[in-house]
Amino acid sequence: MKPILTINELIESARLFCETGSKENHVELIGITDGKAVGTYVEHKFQQFLQSQYIVEIGNSAKGIDLPGAGIQTDIKVTSITQPQSSCPFKNARQKIFGLGYNLLVFVYDKQDTYNSCTLHFTHCTFIDKERTADFTITRRLREMINDGADREDVIGFLQDKNVPGDEIVYNDLADEIFDYLPEQGYLTISNALQWRLQYARVISLDNSVSGIINYEW
């Protein structure tokens, strides 16, 4: 009987997957330059890797994230080292301040092809707890403002200046929530678009210096 996957085992499995995957010849990807196709390949391969060892719930488009199981709640992101970023669904503006609502597991690769081989050298593997998935700059400034005695109008003005998506009602609701629950410091860069655009350069360079973020680098 296979054990049920836990967060600790997920993180350790990701590390092992990167170390073994970096040594393989991924012939299916020879000549493939589409980052989305590479990402889908790596995601499915990692999901199969997990299923071979653990009882794990695999997500689908209806469930929204790749590993939706209770106690896991993690989405898998795969990105090239040349520009470590990806997109994710926009749910609401508060995600930028209070986090996405789920953990992220980020695989960063450097792809090298020859005529008969494809190497995916995984340069980084980072687990980001959902409490750390808000925008770095916005949460840092909000925390400073609250600690410096800012009032609701200051906070609302800041949200407007930063183009946080929303109208007056959204800003007022966010201001109330910010004063009730001081946001945790986030470490993503989240850009506005039809989908959130997540940038990982900061988070993969933390070198295990922040609680809730676990980094491996090769």
# chains A, B, ... in the order shown; residues from 1 in each chain; ligands from 1
>>> select_by_dssp(residues="region 29-78 of chain A", states="strand (DSSP E)", output="ChimeraX atom specification")
/A:74-78
>>> residues_around(residues="Phe17 (chain A)", least_positions_apart="5", cutoff="10 Å", atoms="only C-alpha atoms", output="list in words")
Ile11, Glu12, Ser22, Val42, Lys45, Phe46, Phe49, Leu50, Phe107, Phe122 and Cys125 of chain A
>>> write_last_selection(atoms="N, CA and C atoms", output="PDB file, in the first residue's frame")
ATOM      1  N   ILE A  11       8.082  17.902  -1.496  1.00  0.00           N
ATOM      2  CA  ILE A  11       9.295  18.699  -1.690  1.00  0.00           C
ATOM      3  C   ILE A  11      10.508  17.796  -1.951  1.00  0.00           C
ATOM      4  N   GLU A  12      10.615  16.728  -1.176  1.00  0.00           N
ATOM      5  CA  GLU A  12      11.730  15.804  -1.372  1.00  0.00           C
ATOM      6  C   GLU A  12      11.623  15.106  -2.736  1.00  0.00           C
ATOM      7  N   SER A  22      17.570  15.659 -14.702  1.00  0.00           N
ATOM      8  CA  SER A  22      18.666  16.376 -15.336  1.00  0.00           C
ATOM      9  C   SER A  22      19.640  15.436 -16.038  1.00  0.00           C
ATOM     10  N   VAL A  42       6.954  18.359 -18.457  1.00  0.00           N
ATOM     11  CA  VAL A  42       7.562  18.221 -17.133  1.00  0.00           C
ATOM     12  C   VAL A  42       6.486  17.993 -16.064  1.00  0.00           C
ATOM     13  N   LYS A  45       5.210  14.436 -16.321  1.00  0.00           N
ATOM     14  CA  LYS A  45       6.258  13.491 -15.916  1.00  0.00           C
ATOM     15  C   LYS A  45       6.401  13.490 -14.386  1.00  0.00           C
ATOM     16  N   PHE A  46       6.339  14.675 -13.774  1.00  0.00           N
ATOM     17  CA  PHE A  46       6.442  14.738 -12.320  1.00  0.00           C
ATOM     18  C   PHE A  46       5.216  14.130 -11.652  1.00  0.00           C
ATOM     19  N   PHE A  49       5.674  10.534 -11.691  1.00  0.00           N
ATOM     20  CA  PHE A  49       6.708  10.212 -10.703  1.00  0.00           C
ATOM     21  C   PHE A  49       6.082  10.107  -9.309  1.00  0.00           C
ATOM     22  N   LEU A  50       5.216  11.054  -8.970  1.00  0.00           N
ATOM     23  CA  LEU A  50       4.532  11.029  -7.672  1.00  0.00           C
ATOM     24  C   LEU A  50       3.594   9.828  -7.561  1.00  0.00           C
ATOM     25  N   PHE A 107       9.653  24.590 -11.008  1.00  0.00           N
ATOM     26  CA  PHE A 107      10.808  23.940 -11.627  1.00  0.00           C
ATOM     27  C   PHE A 107      11.404  24.904 -12.653  1.00  0.00           C
ATOM     28  N   PHE A 122      17.819  20.989 -14.583  1.00  0.00           N
ATOM     29  CA  PHE A 122      17.016  21.749 -13.635  1.00  0.00           C
ATOM     30  C   PHE A 122      17.958  22.567 -12.748  1.00  0.00           C
ATOM     31  N   CYS A 125      14.750  24.430  -7.980  1.00  0.00           N
ATOM     32  CA  CYS A 125      13.451  23.881  -7.602  1.00  0.00           C
ATOM     33  C   CYS A 125      13.040  24.600  -6.320  1.00  0.00           C
TER      34      CYS A 125
END
>>> residues_around(residues="region 161-167 of chain A", least_positions_apart="2", cutoff="9 Å", atoms="only C-alpha atoms", output="ChimeraX atom specification")
/A:92-94,96,138,156-159,169-172,192
>>> write_last_selection(atoms="N, CA and C atoms", output="short mmCIF file (atom, residue, chain, number, x, y, z; two decimals), in the first residue's frame")
data_model
loop_
_atom_site.label_atom_id
_atom_site.label_comp_id
_atom_site.auth_asym_id
_atom_site.auth_seq_id
_atom_site.Cartn_x
_atom_site.Cartn_y
_atom_site.Cartn_z
N ASN A 92 -9.07 37.25 -7.91
CA ASN A 92 -9.49 38.56 -7.43
C ASN A 92 -8.26 39.36 -7.01
N ALA A 93 -8.48 40.65 -6.78
CA ALA A 93 -7.37 41.56 -6.49
C ALA A 93 -6.66 41.22 -5.18
N ARG A 94 -7.37 40.62 -4.23
CA ARG A 94 -6.76 40.35 -2.92
C ARG A 94 -5.61 39.34 -3.03
N LYS A 96 -3.10 39.55 -4.79
CA LYS A 96 -1.85 40.30 -4.88
C LYS A 96 -1.35 40.71 -3.49
N ILE A 138 4.28 45.27 -3.04
CA ILE A 138 3.04 45.77 -2.44
C ILE A 138 2.93 45.37 -0.98
N ILE A 156 -5.86 53.14 0.65
CA ILE A 156 -6.65 53.15 -0.58
C ILE A 156 -5.90 53.91 -1.69
N GLY A 157 -5.30 55.03 -1.35
CA GLY A 157 -4.51 55.78 -2.33
C GLY A 157 -3.35 54.97 -2.86
N PHE A 158 -2.70 54.22 -1.99
CA PHE A 158 -1.58 53.38 -2.41
C PHE A 158 -2.05 52.29 -3.37
N LEU A 159 -3.18 51.63 -3.06
CA LEU A 159 -3.71 50.59 -3.93
C LEU A 159 -4.05 51.15 -5.31
N ILE A 169 -15.30 50.13 -4.34
CA ILE A 169 -15.81 49.13 -3.39
C ILE A 169 -14.71 48.12 -3.06
N VAL A 170 -14.01 47.66 -4.09
CA VAL A 170 -12.92 46.69 -3.88
C VAL A 170 -11.84 47.29 -2.99
N TYR A 171 -11.46 48.54 -3.26
CA TYR A 171 -10.40 49.19 -2.47
C TYR A 171 -10.81 49.35 -1.01
N ASN A 172 -12.06 49.71 -0.77
CA ASN A 172 -12.53 49.86 0.60
C ASN A 172 -12.55 48.53 1.34
N ASN A 192 -0.11 42.73 -13.47
CA ASN A 192 -1.49 42.71 -13.94
C ASN A 192 -1.55 42.29 -15.41
#
>>> select_by_dssp(residues="chain A", states="helix (DSSP H, G or I)", output="MDAnalysis selection string")
chainID A and resid 7:21 27:29 35:51 95:98 130:132 136:147 152:161 168:180 203:205
>>> atom_distance(atom1="CA of Leu174 (chain A)", atom2="CA of Asp154 (chain A)")
12.4 Å
>>> residues_around(residues="Ile32 (chain A)", least_positions_apart="6", cutoff="12 Å", atoms="only C-alpha atoms", output="list in words")
His26, Val38, Gly39, Tyr41, Lys111, Gln112, Asp113, Thr114, Tyr115, Ser117, Cys118, Thr119 and Leu120 of chain A
>>> write_last_selection(atoms="N, CA and C atoms", output="mmCIF file, in the first residue's frame")
data_model
loop_
_atom_site.group_PDB
_atom_site.id
_atom_site.type_symbol
_atom_site.label_atom_id
_atom_site.label_comp_id
_atom_site.auth_asym_id
_atom_site.auth_seq_id
_atom_site.Cartn_x
_atom_site.Cartn_y
_atom_site.Cartn_z
ATOM 1 N N HIS A 26 15.688 13.541 -22.910
ATOM 2 C CA HIS A 26 14.253 13.758 -23.123
ATOM 3 C C HIS A 26 14.010 13.894 -24.634
ATOM 4 N N VAL A 38 6.973 22.322 -23.194
ATOM 5 C CA VAL A 38 7.977 21.798 -22.257
ATOM 6 C C VAL A 38 7.376 21.722 -20.853
ATOM 7 N N GLY A 39 6.665 22.767 -20.468
ATOM 8 C CA GLY A 39 6.058 22.795 -19.138
ATOM 9 C C GLY A 39 5.067 21.667 -18.942
ATOM 10 N N TYR A 41 4.995 18.806 -20.488
ATOM 11 C CA TYR A 41 5.761 17.564 -20.435
ATOM 12 C C TYR A 41 6.318 17.330 -19.034
ATOM 13 N N LYS A 111 17.378 24.241 -21.080
ATOM 14 C CA LYS A 111 17.200 23.207 -22.108
ATOM 15 C C LYS A 111 18.314 23.298 -23.150
ATOM 16 N N GLN A 112 18.945 22.154 -23.400
ATOM 17 C CA GLN A 112 20.021 22.075 -24.390
ATOM 18 C C GLN A 112 19.747 20.900 -25.331
ATOM 19 N N ASP A 113 19.722 21.193 -26.644
ATOM 20 C CA ASP A 113 19.437 20.157 -27.641
ATOM 21 C C ASP A 113 20.654 19.870 -28.515
ATOM 22 N N THR A 114 20.755 18.628 -28.952
ATOM 23 C CA THR A 114 21.606 18.247 -30.078
ATOM 24 C C THR A 114 20.683 17.540 -31.079
ATOM 25 N N TYR A 115 21.236 17.001 -32.147
ATOM 26 C CA TYR A 115 20.379 16.367 -33.168
ATOM 27 C C TYR A 115 19.690 15.115 -32.627
ATOM 28 N N SER A 117 19.556 14.425 -28.923
ATOM 29 C CA SER A 117 19.386 14.440 -27.468
ATOM 30 C C SER A 117 18.789 15.765 -27.005
ATOM 31 N N CYS A 118 18.134 15.704 -25.859
ATOM 32 C CA CYS A 118 17.628 16.908 -25.201
ATOM 33 C C CYS A 118 17.888 16.773 -23.714
ATOM 34 N N THR A 119 18.634 17.719 -23.187
ATOM 35 C CA THR A 119 18.909 17.744 -21.759
ATOM 36 C C THR A 119 18.110 18.864 -21.111
ATOM 37 N N LEU A 120 17.396 18.517 -20.057
ATOM 38 C CA LEU A 120 16.738 19.514 -19.219
ATOM 39 C C LEU A 120 17.526 19.571 -17.912
#
>>> atom_distance(atom1="CA of Asn25 (chain A)", atom2="CA of His121 (chain A)")
10.5 Å
>>> residues_around(residues="Arg132 (chain A)", least_positions_apart="3", cutoff="9 Å", atoms="only C-alpha atoms", output="list in words")
Phe98, Gly99, Leu100, Asn103, Ile128, Asp129, Asp135, Phe136, Glu184, Gln185, Gly186, Tyr187, Leu188, Ser211, Gly212 and Ile213 of chain A
>>> write_last_selection(atoms="C-alpha atoms", output="compact mmCIF listing (two decimals), in the first residue's frame")
# COMPACT_ATOMS: atom_id res chain seq x y z
CA PHE A 98 -2.89 38.07 0.68
CA GLY A 99 -1.50 35.42 -1.66
CA LEU A 100 -2.82 33.14 -4.37
CA ASN A 103 1.26 26.69 -2.68
CA ILE A 128 6.57 28.53 -2.02
CA ASP A 129 4.06 28.27 0.81
CA ASP A 135 3.41 40.48 -4.41
CA PHE A 136 6.74 41.45 -2.82
CA GLU A 184 2.37 38.47 5.28
CA GLN A 185 5.44 39.51 3.31
CA GLY A 186 5.10 38.01 -0.17
CA TYR A 187 7.99 37.16 -2.46
CA LEU A 188 6.53 36.98 -5.97
CA SER A 211 10.45 30.66 6.26
CA GLY A 212 7.86 29.10 3.97
CA ILE A 213 10.19 29.07 0.94
>>> closest_residue(among="A:Ile72, A:Ile30, A:Ile97, A:Leu67", to="Glu177 (chain A)", atoms="only C-alpha atoms")
A:Ile97
>>> closest_residue(among="A:Leu10, A:Val108, A:Val155, A:Ile65", to="Tyr216 (chain A)", atoms="only C-alpha atoms")
A:Val108
>>> closest_residue(among="A:Asn215, A:Gly69, A:Leu104, A:Pro183", to="Leu142 (chain A)", atoms="only C-alpha atoms")
A:Pro183
>>> atom_distance(atom1="CA of Gln195 (chain A)", atom2="CA of Glu153 (chain A)")
28.0 Å
>>> closest_residue(among="A:Trp218, A:Tyr109, A:Tyr54, A:Phe127", to="Thr79 (chain A)", atoms="only C-alpha atoms")
A:Tyr109
